[in-house]
>>> print(open('data.cif').read())   # mmCIF, C-alpha atoms
data_my_file
loop_
_atom_site.label_atom_id
_atom_site.label_comp_id
_atom_site.auth_asym_id
_atom_site.auth_seq_id
_atom_site.Cartn_x
_atom_site.Cartn_y
_atom_site.Cartn_z
CA MET A 494 73.57 58.09 -17.46
CA GLU A 495 77.23 58.03 -18.39
CA ARG A 496 77.01 54.40 -19.42
CA PHE A 497 73.96 55.24 -21.49
CA LEU A 498 75.75 58.05 -23.31
CA ASP A 499 78.78 55.84 -23.79
CA SER A 500 76.86 53.06 -25.51
CA PHE A 501 74.31 55.13 -27.45
CA LEU A 502 75.94 58.47 -28.23
CA ASN A 503 79.65 57.80 -28.07
CA PRO A 504 81.46 60.85 -29.56
CA LYS A 505 84.52 58.87 -30.67
CA LEU A 506 82.37 56.36 -32.52
CA ILE A 507 80.27 59.10 -34.06
CA ALA A 508 83.44 60.64 -35.45
CA ALA A 509 84.67 57.27 -36.72
CA THR A 510 81.37 56.07 -38.23
CA TRP A 511 79.81 59.08 -39.88
CA PRO A 512 81.58 58.68 -43.25
CA ALA A 513 80.16 55.15 -43.56
CA ILE A 514 76.65 56.27 -42.60
CA LEU A 515 76.87 59.15 -45.07
CA GLN A 516 77.88 56.72 -47.78
CA GLY A 517 74.88 54.57 -46.85
CA LEU A 518 72.65 57.63 -47.01
CA ILE A 519 73.82 58.33 -50.55
CA VAL A 520 73.14 54.74 -51.63
CA THR A 521 69.66 54.91 -50.05
CA ILE A 522 68.89 58.17 -51.88
CA GLU A 523 70.14 56.70 -55.17
CA ILE A 524 67.95 53.60 -54.95
CA ALA A 525 64.95 55.58 -53.73
CA ALA A 526 65.23 58.06 -56.61
CA LEU A 527 65.61 55.28 -59.20
CA VAL A 528 62.65 53.37 -57.76
CA VAL A 529 60.39 56.42 -57.74
CA VAL A 530 61.17 57.28 -61.38
CA SER A 531 60.97 53.78 -62.85
CA GLY A 532 58.08 52.61 -60.64
CA LEU A 533 55.83 55.59 -61.34
CA ALA A 534 56.66 55.62 -65.06
CA LEU A 535 55.91 51.91 -65.41
CA GLY A 536 52.70 52.22 -63.37
CA LEU A 537 51.42 55.09 -65.52
CA ALA A 538 52.36 53.27 -68.72
CA LEU A 539 50.54 50.12 -67.60
CA ALA A 540 47.38 52.04 -66.71
CA LEU A 541 47.36 53.78 -70.10
CA LEU A 542 47.99 50.47 -71.88
CA ARG A 543 45.08 48.96 -69.98
CA TRP A 544 42.87 51.80 -71.13
CA ARG A 545 44.01 51.35 -74.76
CA ALA A 546 44.27 47.58 -75.04
CA GLY A 547 41.14 46.00 -73.60
CA ALA A 548 40.36 42.67 -72.01
CA TRP A 549 43.22 40.51 -73.32
CA PHE A 550 45.67 42.84 -71.56
CA THR A 551 43.59 43.40 -68.43
CA TRP A 552 43.73 39.80 -67.17
CA PRO A 553 47.50 39.27 -67.16
CA LEU A 554 47.89 42.79 -65.80
CA MET A 555 45.54 42.05 -62.89
CA VAL A 556 47.56 38.93 -62.03
CA PHE A 557 50.76 40.99 -61.94
CA VAL A 558 49.19 43.86 -59.98
CA ASP A 559 47.49 41.67 -57.37
CA LEU A 560 50.55 39.47 -56.95
CA PHE A 561 52.85 42.42 -56.30
CA ARG A 562 50.35 44.05 -53.95
CA ALA A 563 49.71 40.91 -51.88
CA VAL A 564 53.18 39.33 -51.53
CA PRO A 565 55.52 40.99 -48.98
CA PRO A 566 58.41 42.78 -50.72
CA LEU A 567 60.99 40.98 -48.58
CA VAL A 568 59.72 37.65 -49.95
CA LEU A 569 60.18 38.94 -53.51
CA VAL A 570 63.63 40.31 -52.70
CA LEU A 571 64.85 36.97 -51.31
CA LEU A 572 63.18 35.04 -54.13
CA ILE A 573 64.95 36.99 -56.85
CA PHE A 574 68.23 37.39 -55.00
CA PHE A 575 68.67 33.68 -54.27
CA GLY A 576 66.69 32.22 -57.18
CA LEU A 577 68.09 33.95 -60.25
CA PRO A 578 71.80 33.06 -59.79
CA ASN A 579 70.90 29.37 -59.97
CA VAL A 580 69.43 29.82 -63.45
CA GLY A 581 72.53 31.69 -64.60
CA ILE A 582 71.34 35.29 -64.12
CA ASP A 583 73.64 37.15 -61.75
CA LEU A 584 72.17 40.47 -60.68
CA PRO A 585 74.00 42.62 -58.13
CA SER A 586 72.00 43.11 -54.92
CA PHE A 587 71.52 46.80 -55.75
CA ALA A 588 69.78 45.84 -59.01
CA VAL A 589 67.62 43.21 -57.27
CA LEU A 590 66.34 45.78 -54.78
CA TRP A 591 65.71 48.33 -57.53
CA LEU A 592 63.87 45.80 -59.68
CA VAL A 593 61.63 44.49 -56.89
CA LEU A 594 60.70 47.87 -55.42
CA SER A 595 60.04 49.33 -58.89
CA LEU A 596 57.69 46.49 -59.75
CA VAL A 597 55.86 46.82 -56.41
CA LEU A 598 55.47 50.58 -56.86
CA ALA A 599 54.36 50.08 -60.48
CA ALA A 600 51.65 47.63 -59.37
CA PHE A 601 50.23 50.04 -56.79
CA ALA A 602 50.59 53.05 -59.10
CA GLU A 603 48.74 51.29 -61.93
CA GLU A 604 45.74 50.65 -59.67
CA ILE A 605 45.69 54.23 -58.36
CA VAL A 606 46.01 55.79 -61.83
CA TRP A 607 43.33 53.48 -63.20
CA ALA A 608 40.95 54.29 -60.34
CA GLY A 609 41.55 57.99 -61.07
CA LEU A 610 40.86 57.57 -64.78
CA ILE A 611 37.57 55.73 -64.39
CA ALA A 612 36.39 58.15 -61.71
CA VAL A 613 36.21 60.98 -64.25
CA ARG A 614 32.62 61.15 -65.34
CA LYS A 615 31.66 59.82 -68.75
CA GLY A 616 30.10 63.13 -69.73
CA GLN A 617 33.58 64.67 -69.64
CA TRP A 618 34.75 62.22 -72.31
CA GLU A 619 31.70 62.75 -74.46
CA ALA A 620 31.77 66.52 -74.19
CA ALA A 621 35.49 66.66 -75.03
CA ARG A 622 35.13 64.28 -77.97
CA SER A 623 32.18 66.23 -79.33
CA THR A 624 34.25 69.41 -79.45
CA GLY A 625 36.50 67.62 -81.94
CA LEU A 626 39.36 66.52 -79.67
CA SER A 627 40.86 63.15 -80.55
CA GLU A 628 40.78 60.30 -78.05
CA THR A 629 44.41 60.90 -77.01
CA GLN A 630 43.91 64.65 -76.74
CA THR A 631 40.85 64.08 -74.54
CA LEU A 632 42.92 61.84 -72.30
CA ILE A 633 45.81 64.26 -71.97
CA TYR A 634 44.00 67.60 -71.78
CA VAL A 635 40.67 66.74 -70.16
CA VAL A 636 40.69 63.45 -68.28
CA LEU A 637 44.21 63.17 -66.82
CA PRO A 638 44.20 66.66 -65.25
CA GLN A 639 40.96 65.87 -63.45
CA ALA A 640 42.10 62.39 -62.49
CA LEU A 641 45.32 63.83 -61.09
CA ARG A 642 43.47 65.38 -58.14
CA LEU A 643 42.27 61.97 -57.09
CA MET A 644 45.55 60.21 -57.83
CA VAL A 645 48.14 62.42 -56.19
CA PRO A 646 47.39 61.93 -52.46
CA PRO A 647 47.34 58.10 -52.48
CA LEU A 648 50.22 58.02 -54.94
CA THR A 649 52.33 60.20 -52.65
CA ASN A 650 51.61 58.02 -49.62
CA ARG A 651 52.35 54.82 -51.47
CA THR A 652 55.55 56.17 -52.99
CA ILE A 653 56.86 57.25 -49.57
CA ALA A 654 55.98 53.87 -48.05
CA ILE A 655 57.79 52.00 -50.80
CA THR A 656 60.91 54.16 -50.75
CA LYS A 657 61.15 53.37 -47.03
CA ASN A 658 61.45 49.74 -48.07
CA THR A 659 64.96 50.50 -49.38
CA ALA A 660 65.93 49.42 -45.82
CA LEU A 661 65.19 45.84 -46.96
CA GLY A 662 68.43 46.06 -48.94
CA THR A 663 70.33 45.45 -45.72
CA VAL A 664 69.14 41.82 -45.73
CA ILE A 665 70.83 41.09 -49.08
CA GLY A 666 73.88 43.27 -48.41
CA VAL A 667 73.12 46.47 -50.30
CA PRO A 668 75.43 48.98 -48.57
CA GLU A 669 72.59 51.36 -47.61
CA ILE A 670 72.16 53.16 -44.26
CA MET A 671 71.04 50.22 -42.13
CA ASN A 672 73.65 47.88 -43.59
CA GLN A 673 76.44 50.34 -42.76
CA ALA A 674 75.02 50.86 -39.27
CA THR A 675 74.65 47.17 -38.35
CA THR A 676 78.13 46.43 -39.71
CA ALA A 677 79.55 49.19 -37.52
CA VAL A 678 77.61 47.85 -34.52
CA SER A 679 79.09 44.38 -34.89
CA PHE A 680 82.62 45.82 -35.17
CA SER A 681 82.32 48.21 -32.24
CA GLY A 682 79.99 46.31 -29.90
CA ASN A 683 78.24 49.61 -29.30
CA ALA A 684 74.78 50.91 -30.21
CA THR A 685 75.93 54.35 -31.33
CA PRO A 686 75.97 53.48 -35.07
CA LEU A 687 72.35 52.25 -34.76
CA MET A 688 71.29 55.61 -33.39
CA MET A 689 73.17 57.32 -36.21
CA GLY A 690 71.44 55.11 -38.76
CA ALA A 691 68.04 55.94 -37.30
CA ALA A 692 68.97 59.62 -37.28
CA ALA A 693 69.96 59.41 -40.96
CA TYR A 694 66.53 57.95 -41.82
CA LEU A 695 64.78 60.68 -39.84
CA LEU A 696 66.89 63.30 -41.61
CA LEU A 697 65.85 61.86 -44.96
CA PHE A 698 62.19 61.04 -44.37
CA VAL A 699 60.83 63.65 -41.94
CA PRO A 700 61.05 66.35 -44.67
CA ILE A 701 59.61 63.93 -47.25
CA ILE A 702 56.64 63.16 -44.99
CA GLY A 703 56.13 66.88 -44.44
CA LEU A 704 56.19 67.35 -48.21
CA GLY A 705 53.67 64.50 -48.54
CA ARG A 706 51.31 66.22 -46.09
CA TRP A 707 51.63 69.47 -48.01
CA ILE A 708 50.91 67.79 -51.36
CA GLU A 709 47.94 65.97 -49.85
CA GLY A 710 46.53 69.27 -48.61
CA ARG A 711 47.06 70.98 -51.95
CA PHE A 712 45.43 68.27 -54.01
CA ALA A 713 42.68 67.42 -51.55
CA TRP A 714 39.50 66.69 -53.41
CA ARG A 715 36.81 69.15 -52.56
CA ARG A 716 33.37 67.97 -53.51
CA GLN A 717 30.92 70.69 -54.44
CA MET B 432 63.00 27.25 -69.47
CA ASP B 433 63.34 23.85 -67.87
CA ALA B 434 66.00 25.17 -65.50
CA LEU B 435 63.67 28.01 -64.56
CA ILE B 436 60.86 25.61 -63.66
CA GLN B 437 63.29 23.37 -61.77
CA GLN B 438 64.54 26.34 -59.76
CA PHE B 439 61.27 28.11 -58.98
CA PHE B 440 58.41 25.64 -59.40
CA ASN B 441 59.85 22.30 -58.31
CA VAL B 442 56.74 20.56 -56.97
CA GLU B 443 58.67 17.77 -55.30
CA ILE B 444 60.75 20.23 -53.25
CA MET B 445 57.66 22.31 -52.47
CA LEU B 446 55.92 19.23 -51.06
CA ARG B 447 58.93 18.39 -48.94
CA ALA B 448 59.11 21.96 -47.63
CA LEU B 449 55.36 22.20 -47.03
CA PRO B 450 55.27 20.99 -43.37
CA LEU B 451 58.03 23.41 -42.40
CA VAL B 452 56.42 26.31 -44.23
CA LEU B 453 53.01 25.56 -42.67
CA GLN B 454 54.68 25.52 -39.26
CA GLY B 455 55.97 28.98 -40.10
CA LEU B 456 52.51 30.04 -41.25
CA LYS B 457 51.20 29.28 -37.76
CA THR B 458 53.72 31.70 -36.26
CA THR B 459 52.87 34.30 -38.92
CA LEU B 460 49.19 34.05 -37.99
CA LEU B 461 50.06 34.23 -34.29
CA ILE B 462 52.03 37.45 -34.89
CA CYS B 463 49.05 38.87 -36.80
CA LEU B 464 46.69 37.97 -33.96
CA ILE B 465 48.94 39.85 -31.56
CA VAL B 466 49.91 42.93 -33.55
CA ILE B 467 46.70 43.78 -35.43
CA PRO B 468 44.39 44.19 -32.38
CA MET B 469 47.15 45.89 -30.40
CA GLY B 470 47.90 48.28 -33.25
CA LEU B 471 44.24 49.09 -33.74
CA LEU B 472 43.74 49.76 -30.05
CA GLY B 473 46.90 51.87 -29.93
CA GLY B 474 45.67 53.73 -33.00
CA ILE B 475 42.32 54.55 -31.39
CA LEU B 476 44.15 55.85 -28.31
CA VAL B 477 46.51 57.94 -30.47
CA ALA B 478 43.54 59.33 -32.40
CA LEU B 479 41.66 60.18 -29.21
CA GLY B 480 44.74 61.86 -27.78
CA SER B 481 45.43 63.92 -30.87
CA LEU B 482 41.85 65.23 -30.84
CA SER B 483 42.01 66.19 -27.17
CA ARG B 484 41.99 69.76 -25.87
CA SER B 485 45.45 69.49 -24.32
CA ARG B 486 47.85 71.33 -26.62
CA ILE B 487 50.92 69.57 -25.19
CA LEU B 488 49.45 66.12 -25.72
CA VAL B 489 48.52 66.96 -29.31
CA ARG B 490 52.02 68.26 -30.05
CA LEU B 491 53.68 65.22 -28.48
CA LEU B 492 51.48 62.79 -30.37
CA THR B 493 52.04 64.57 -33.70
CA LEU B 494 55.78 64.34 -33.09
CA PHE B 495 55.48 60.65 -32.15
CA VAL B 496 53.42 59.83 -35.22
CA ASP B 497 55.71 61.72 -37.60
CA LEU B 498 58.89 60.16 -36.21
CA LEU B 499 57.44 56.66 -36.39
CA ARG B 500 56.18 57.24 -39.91
CA ALA B 501 59.64 58.41 -40.96
CA LEU B 502 61.42 55.29 -39.68
CA PRO B 503 61.16 52.24 -41.95
CA PRO B 504 59.61 49.37 -39.93
CA LEU B 505 62.72 47.24 -40.44
CA VAL B 506 64.88 49.99 -38.94
CA LEU B 507 62.53 50.25 -35.96
CA LEU B 508 62.65 46.48 -35.50
CA ILE B 509 66.46 46.32 -35.62
CA LEU B 510 66.63 49.31 -33.27
CA VAL B 511 64.43 47.54 -30.71
CA TYR B 512 66.01 44.11 -31.15
CA SER B 513 69.69 45.10 -31.23
CA GLY B 514 69.51 48.44 -29.44
CA LEU B 515 67.66 47.60 -26.23
CA PRO B 516 70.17 44.91 -25.11
CA PHE B 517 72.66 47.78 -24.67
CA LEU B 518 70.27 49.08 -21.98
CA GLY B 519 70.46 45.67 -20.34
CA LEU B 520 67.10 44.61 -21.78
CA ARG B 521 67.43 41.37 -23.74
CA LEU B 522 64.25 40.66 -25.67
CA SER B 523 63.04 37.51 -27.34
CA PRO B 524 62.46 37.93 -31.10
CA LEU B 525 58.68 37.77 -30.56
CA ALA B 526 58.79 40.49 -27.89
CA ALA B 527 60.93 42.71 -30.12
CA VAL B 528 58.54 42.21 -33.05
CA THR B 529 55.54 42.96 -30.84
CA ILE B 530 57.03 46.20 -29.49
CA ALA B 531 58.36 47.47 -32.83
CA PHE B 532 55.16 46.70 -34.72
CA PHE B 533 52.99 48.14 -31.96
CA LEU B 534 54.81 51.46 -32.25
CA ASN B 535 54.64 51.44 -36.05
CA ASN B 536 51.01 50.30 -36.27
CA ALA B 537 49.71 52.62 -33.57
CA ALA B 538 51.09 55.55 -35.59
CA TYR B 539 49.54 54.41 -38.88
CA TYR B 540 46.18 53.24 -37.51
CA GLY B 541 46.12 56.42 -35.41
CA GLU B 542 46.27 58.65 -38.50
CA ILE B 543 43.50 56.65 -40.17
CA VAL B 544 41.19 56.59 -37.14
CA ARG B 545 41.72 60.32 -36.59
CA ALA B 546 40.63 61.06 -40.15
CA GLY B 547 37.60 58.83 -39.50
CA ILE B 548 36.60 60.63 -36.32
CA GLU B 549 36.98 64.01 -38.02
CA SER B 550 34.67 62.82 -40.80
CA VAL B 551 31.74 62.34 -38.39
CA PRO B 552 29.69 65.56 -38.26
CA ASN B 553 29.46 67.38 -34.92
CA GLY B 554 25.67 67.01 -34.92
CA GLN B 555 26.14 63.33 -34.17
CA TRP B 556 27.91 64.22 -30.92
CA GLU B 557 25.31 66.76 -29.98
CA ALA B 558 22.36 64.56 -30.85
CA ALA B 559 23.79 61.61 -28.92
CA ARG B 560 24.62 63.76 -25.90
CA SER B 561 21.16 65.29 -25.90
CA THR B 562 19.57 61.82 -25.66
CA GLY B 563 21.37 61.47 -22.33
CA LEU B 564 24.44 59.41 -23.33
CA ARG B 565 27.63 60.27 -21.49
CA ALA B 566 30.66 61.48 -23.48
CA ASP B 567 32.38 58.09 -23.39
CA GLN B 568 29.18 56.29 -24.38
CA THR B 569 28.71 58.71 -27.25
CA PHE B 570 32.24 58.03 -28.43
CA PHE B 571 32.06 54.24 -28.30
CA TRP B 572 28.49 53.69 -29.46
CA VAL B 573 27.86 56.56 -31.86
CA VAL B 574 31.03 58.21 -33.16
CA LEU B 575 33.58 55.38 -33.32
CA PRO B 576 31.42 52.94 -35.33
CA GLN B 577 30.66 55.61 -37.93
CA SER B 578 34.30 56.72 -38.06
CA LEU B 579 35.59 53.22 -38.65
CA ARG B 580 33.03 52.65 -41.39
CA ASN B 581 34.01 55.88 -43.12
CA VAL B 582 37.67 54.88 -43.32
CA LEU B 583 37.11 51.18 -43.97
CA PRO B 584 39.15 51.07 -47.22
CA ASP B 585 42.18 52.58 -45.46
CA LEU B 586 41.78 50.27 -42.47
CA VAL B 587 41.67 47.16 -44.65
CA SER B 588 44.55 48.34 -46.78
CA ASN B 589 46.69 49.12 -43.73
CA THR B 590 45.88 45.71 -42.25
CA VAL B 591 47.10 44.07 -45.48
CA GLU B 592 50.33 46.03 -45.03
CA VAL B 593 50.63 44.82 -41.43
CA VAL B 594 50.30 41.18 -42.46
CA LYS B 595 52.97 41.75 -45.11
CA LEU B 596 55.18 43.43 -42.49
CA THR B 597 55.24 40.28 -40.37
CA SER B 598 57.70 38.84 -42.93
CA LEU B 599 60.29 41.26 -41.49
CA ALA B 600 60.30 39.17 -38.32
CA SER B 601 62.49 36.69 -40.23
CA VAL B 602 65.33 39.23 -40.03
CA VAL B 603 65.45 38.87 -36.22
CA SER B 604 65.22 35.07 -36.71
CA LEU B 605 61.68 34.64 -35.52
CA GLN B 606 60.61 31.44 -37.25
CA GLU B 607 57.60 32.69 -39.19
CA MET B 608 56.71 31.69 -42.74
CA LEU B 609 59.45 33.53 -44.64
CA TYR B 610 62.11 32.34 -42.18
CA SER B 611 60.99 28.73 -42.58
CA ALA B 612 60.81 29.01 -46.35
CA ASP B 613 64.26 30.56 -46.51
CA MET B 614 65.63 27.80 -44.30
CA ALA B 615 64.18 25.22 -46.68
CA ARG B 616 65.74 27.15 -49.56
CA SER B 617 69.20 27.08 -48.00
CA LEU B 618 68.87 23.32 -47.34
CA THR B 619 67.72 22.44 -50.87
CA PHE B 620 69.62 25.12 -52.83
CA ASN B 621 66.35 25.74 -54.61
CA ALA B 622 64.03 28.78 -54.55
CA SER B 623 60.78 26.79 -54.78
CA PRO B 624 60.08 26.93 -51.01
CA ILE B 625 60.07 30.74 -51.20
CA VAL B 626 57.70 30.57 -54.18
CA LEU B 627 55.51 28.35 -52.03
CA ALA B 628 55.54 30.95 -49.24
CA ALA B 629 54.77 33.70 -51.77
CA LEU B 630 51.77 31.69 -53.01
CA ILE B 631 50.49 31.23 -49.46
CA TYR B 632 50.84 34.98 -48.74
CA PHE B 633 49.00 35.62 -52.00
CA ALA B 634 46.18 33.20 -51.13
CA LEU B 635 45.91 34.79 -47.69
CA LEU B 636 45.84 38.41 -48.82
CA TRP B 637 44.34 38.32 -52.31
CA PRO B 638 40.70 38.62 -51.13
CA ALA B 639 41.62 41.64 -49.00
CA VAL B 640 43.56 43.26 -51.85
CA ARG B 641 40.58 42.84 -54.19
CA LEU B 642 38.25 44.20 -51.52
CA VAL B 643 40.43 47.31 -51.12
CA SER B 644 40.30 47.95 -54.86
CA ARG B 645 36.52 47.62 -54.91
CA LEU B 646 36.03 49.87 -51.87
CA GLU B 647 38.38 52.47 -53.34
CA HIS B 648 36.66 52.45 -56.73
CA ALA B 649 33.30 52.77 -55.01
CA ALA B 650 34.57 55.72 -52.94
CA ALA B 651 36.01 57.48 -56.00
CA ARG B 652 32.72 57.51 -57.88
#
>>> encode(input="data.cif", output="structure tokens")
Amino acid sequence: MERFLDSFLNPKLIAATWPAILQGLIVTIEIAALVVVSGLALGLALALLRWRAGAWFTWPLMVFVDLFRAVPPLVLVLLIFFGLPNVGIDLPSFAVLWLVLSLVLAAFAEEIVWAGLIAVRKGQWEAARSTGLSETQTLIYVVLPQALRLMVPPLTNRTIAITKNTALGTVIGVPEIMNQATTAVSFSGNATPLMMGAAAYLLLFVPIIGLGRWIEGRFAWRRQ
Amino acid sequence: MDALIQQFFNVEIMLRALPLVLQGLKTTLLICLIVIPMGLLGGILVALGSLSRSRILVRLLTLFVDLLRALPPLVLLILVYSGLPFLGLRLSPLAAVTIAFFLNNAAYYGEIVRAGIESVPNGQWEAARSTGLRADQTFFWVVLPQSLRNVLPDLVSNTVEVVKLTSLASVVSLQEMLYSADMARSLTFNASPIVLAALIYFALLWPAVRLVSRLEHAAAR
């Protein structure tokens, strides 16, 4: 038992490592927040463009969306991180992670928003248009609010899943939680920093998952 | 432009890397064959447990599921692979991947299967029981098939995620497809092998991704 405590919950190491883990936590929160904002905004914009633009836009969009939904994010991260410098584009690892995760979230968000938009019955469009609302007004005041009920639960789940992928940054040296923890493990030869890293993730994501459950309950679609 | 094609779509390098990458693909498929059935089975058990009458069991399973959903899979994998040796348990990369993914998948499949079971009306239970089926027969032959069908889009979409997750095994140097492709990249100083791996992942998962979209659109209508 004592050996267990010594190698997993060593008080001296906890005291020595917590500033690094905290720093990692801040980096993780920064990337996650940036990814959520840019990914969701891009996804919504793409879905609205698809609605406006028609077939010539749909095909390239589908290629992008399917590609970013089917290829593992770690593959994309390594591809961009190691590929771009050789063609003269040097992105810091933080930017690579942000870029990749934003694009992945945008691809999923576009599909979810689009599915929400087309699920609103046609009669709603026609009725709104016949009252004299313009096409854009119909979209904003009639269709989007109804679509939102369908969109929010899957969007919440997907967003949480993708923000958890910020841990992939450790592979390319983004100084986020896991990177700080594994560095500390290799310096100390002790598993305590790993436990602290895991605890930091739990601290960050248990409330977020609770929030996700609450949102899902609030927006649950009730069919009459 | 030319430099871009040379760096990402160099066919000659792709062809040279192909045998190595295909070797990796075999391991990727092997991991899938291990972790998908195990995860699904674990998920059914978790779902059964969290619908049981025992309050303590339900509480414990909810805690288990929430903790595992809060930990990124990569964190779980590193925890298992680099943490357990401190308990004197040295695992092979494949064993670590199997354990970490089993925990993660059981939690996710469990949530999905539970929603499926809850979606089957109680009358189905009662009707099946009244024909003389035992409780376990009712579950396996009447309730479970309907539950799985009701949550099919989520099951397929989660399975796509599991296949994508196997790429994380490269981090603990299990020689699956991404690991092999990255090795080829570091030997050739060229990103084309990773593009090749990305294309193979895409070819493998694209039908499933399309299917999920169609099922989801059908469900939304």
>>> interface_residues(input="data.cif", of="chain B", to="chain A", cutoff="8 Å", atoms="all atoms listed in the file", output="JSON, numbers by chain")
{"B": [434, 435, 438, 439, 497, 498, 500, 501, 502, 503, 505, 506, 510, 513, 514, 517, 518, 591, 595, 596, 598, 599, 602, 609, 621, 622, 625, 626, 628, 629, 630, 632, 633, 636, 637, 640, 641, 644, 647, 648, 651, 652]}
>>> residues_around(input="data.cif", residues="Ala478 in chain B", least_positions_apart="6", cutoff="9 Å", atoms="all atoms listed in the file", output="MDAnalysis selection string")
chainID B and resid 492 540:546 548
>>> residues_around(input="data.cif", residues="Ala559 in chain B", least_positions_apart="2", cutoff="12 Å", atoms="all atoms listed in the file", output="PyMOL selection string")
chain B and resi 552-557+561-574
>>> closest_residue(input="data.cif", among="B:Ile475, B:Thr529, B:Asp613, B:Asn535", to="Leu579 in chain B", atoms="all atoms listed in the file")
B:Ile475
>>> atom_distance(input="data.cif", atom1="CA of Arg642 in chain A", atom2="CA of Ala602 in chain A")
14.3 Å
>>> axis_aligned_box(input="data.cif", around="range 454-460 of chain B", padding_each_side="6 Å", output="JSON")
{"center_x": 52.6, "center_y": 29.9, "center_z": -38.8, "size_x": 18.8, "size_y": 20.8, "size_z": 17.0}
>>> atom_distance(input="data.cif", atom1="CA of Leu641 in chain A", atom2="CA of Phe712 in chain A")
8.4 Å
>>> closest_residue(input="data.cif", among="A:Ala513, A:Met644, A:Leu502, A:Val520", to="Val667 in chain A", atoms="all atoms listed in the file")
A:Val520
>>> resolve_selection(input="data.cif", expression="the PyMOL selection byres ((chain A and resi 536-541) around 9)", output="list in words")
Ser531, Gly532, Leu533, Ala534, Leu535, Leu542, Arg543, Trp544, Arg545, Ala546, Leu554, Leu596, Leu598, Ala599, Ala600, Phe601, Ala602, Glu603, Glu604, Ile605, Val606, Trp607 and Leu610 of chain A
>>> write_last_selection(input="data.cif", atoms="C-alpha atoms", output="PDB file, in the frame of the given file")
ATOM      1  CA  SER A 531      60.970  53.780 -62.850  1.00  0.00           C
ATOM      2  CA  GLY A 532      58.080  52.610 -60.640  1.00  0.00           C
ATOM      3  CA  LEU A 533      55.830  55.590 -61.340  1.00  0.00           C
ATOM      4  CA  ALA A 534      56.660  55.620 -65.060  1.00  0.00           C
ATOM      5  CA  LEU A 535      55.910  51.910 -65.410  1.00  0.00           C
ATOM      6  CA  LEU A 542      47.990  50.470 -71.880  1.00  0.00           C
ATOM      7  CA  ARG A 543      45.080  48.960 -69.980  1.00  0.00           C
ATOM      8  CA  TRP A 544      42.870  51.800 -71.130  1.00  0.00           C
ATOM      9  CA  ARG A 545      44.010  51.350 -74.760  1.00  0.00           C
ATOM     10  CA  ALA A 546      44.270  47.580 -75.040  1.00  0.00           C
ATOM     11  CA  LEU A 554      47.890  42.790 -65.800  1.00  0.00           C
ATOM     12  CA  LEU A 596      57.690  46.490 -59.750  1.00  0.00           C
ATOM     13  CA  LEU A 598      55.470  50.580 -56.860  1.00  0.00           C
ATOM     14  CA  ALA A 599      54.360  50.080 -60.480  1.00  0.00           C
ATOM     15  CA  ALA A 600      51.650  47.630 -59.370  1.00  0.00           C
ATOM     16  CA  PHE A 601      50.230  50.040 -56.790  1.00  0.00           C
ATOM     17  CA  ALA A 602      50.590  53.050 -59.100  1.00  0.00           C
ATOM     18  CA  GLU A 603      48.740  51.290 -61.930  1.00  0.00           C
ATOM     19  CA  GLU A 604      45.740  50.650 -59.670  1.00  0.00           C
ATOM     20  CA  ILE A 605      45.690  54.230 -58.360  1.00  0.00           C
ATOM     21  CA  VAL A 606      46.010  55.790 -61.830  1.00  0.00           C
ATOM     22  CA  TRP A 607      43.330  53.480 -63.200  1.00  0.00           C
ATOM     23  CA  LEU A 610      40.860  57.570 -64.780  1.00  0.00           C
TER      24      LEU A 610
END
>>> closest_residue(input="data.cif", among="A:Phe557, A:Arg711, A:Arg706, A:Gln673", to="Leu518 in chain A", atoms="only C-alpha atoms")
A:Gln673
>>> atom_distance(input="data.cif", atom1="CA of Asp433 in chain B", atom2="CA of Leu618 in chain B")
21.3 Å
>>> residues_near_point(input="data.cif", point="(70.6, 39.8, -55.3)", cutoff="8 Å", atoms="all atoms listed in the file", output="PDB file with C-alpha atoms, in the coordinates of the input")
ATOM      1  CA  VAL A 570      63.630  40.310 -52.700  1.00  0.00           C
ATOM      2  CA  LEU A 571      64.850  36.970 -51.310  1.00  0.00           C
ATOM      3  CA  ILE A 573      64.950  36.990 -56.850  1.00  0.00           C
ATOM      4  CA  PHE A 574      68.230  37.390 -55.000  1.00  0.00           C
ATOM      5  CA  PHE A 575      68.670  33.680 -54.270  1.00  0.00           C
ATOM      6  CA  ASP A 583      73.640  37.150 -61.750  1.00  0.00           C
ATOM      7  CA  LEU A 584      72.170  40.470 -60.680  1.00  0.00           C
ATOM      8  CA  PRO A 585      74.000  42.620 -58.130  1.00  0.00           C
ATOM      9  CA  SER A 586      72.000  43.110 -54.920  1.00  0.00           C
ATOM     10  CA  PHE A 587      71.520  46.800 -55.750  1.00  0.00           C
ATOM     11  CA  ALA A 588      69.780  45.840 -59.010  1.00  0.00           C
ATOM     12  CA  VAL A 589      67.620  43.210 -57.270  1.00  0.00           C
ATOM     13  CA  LEU A 590      66.340  45.780 -54.780  1.00  0.00           C
ATOM     14  CA  ILE A 665      70.830  41.090 -49.080  1.00  0.00           C
TER      15      ILE A 665
END
>>> resolve_selection(input="data.cif", expression="the PyMOL selection byres ((chain B and resi 584) around 7)", output="list in words")
Val582, Leu583, Asp585, Leu586, Val587, Ser588, Val643, Leu646 and Glu647 of chain B
>>> resolve_selection(input="data.cif", expression="the PyMOL selection byres ((chain B and resi 463-469) around 8)", output="number ranges by chain")
B: 459-462, 470-473, 529, 532-533, 536-537, 590, 593-594, 597
>>> residues_around(input="data.cif", residues="Glu607 in chain B", least_positions_apart="2", cutoff="7 Å", atoms="all atoms listed in the file", output="number ranges by chain")
B: 455-456, 458-459, 601, 605, 609-611
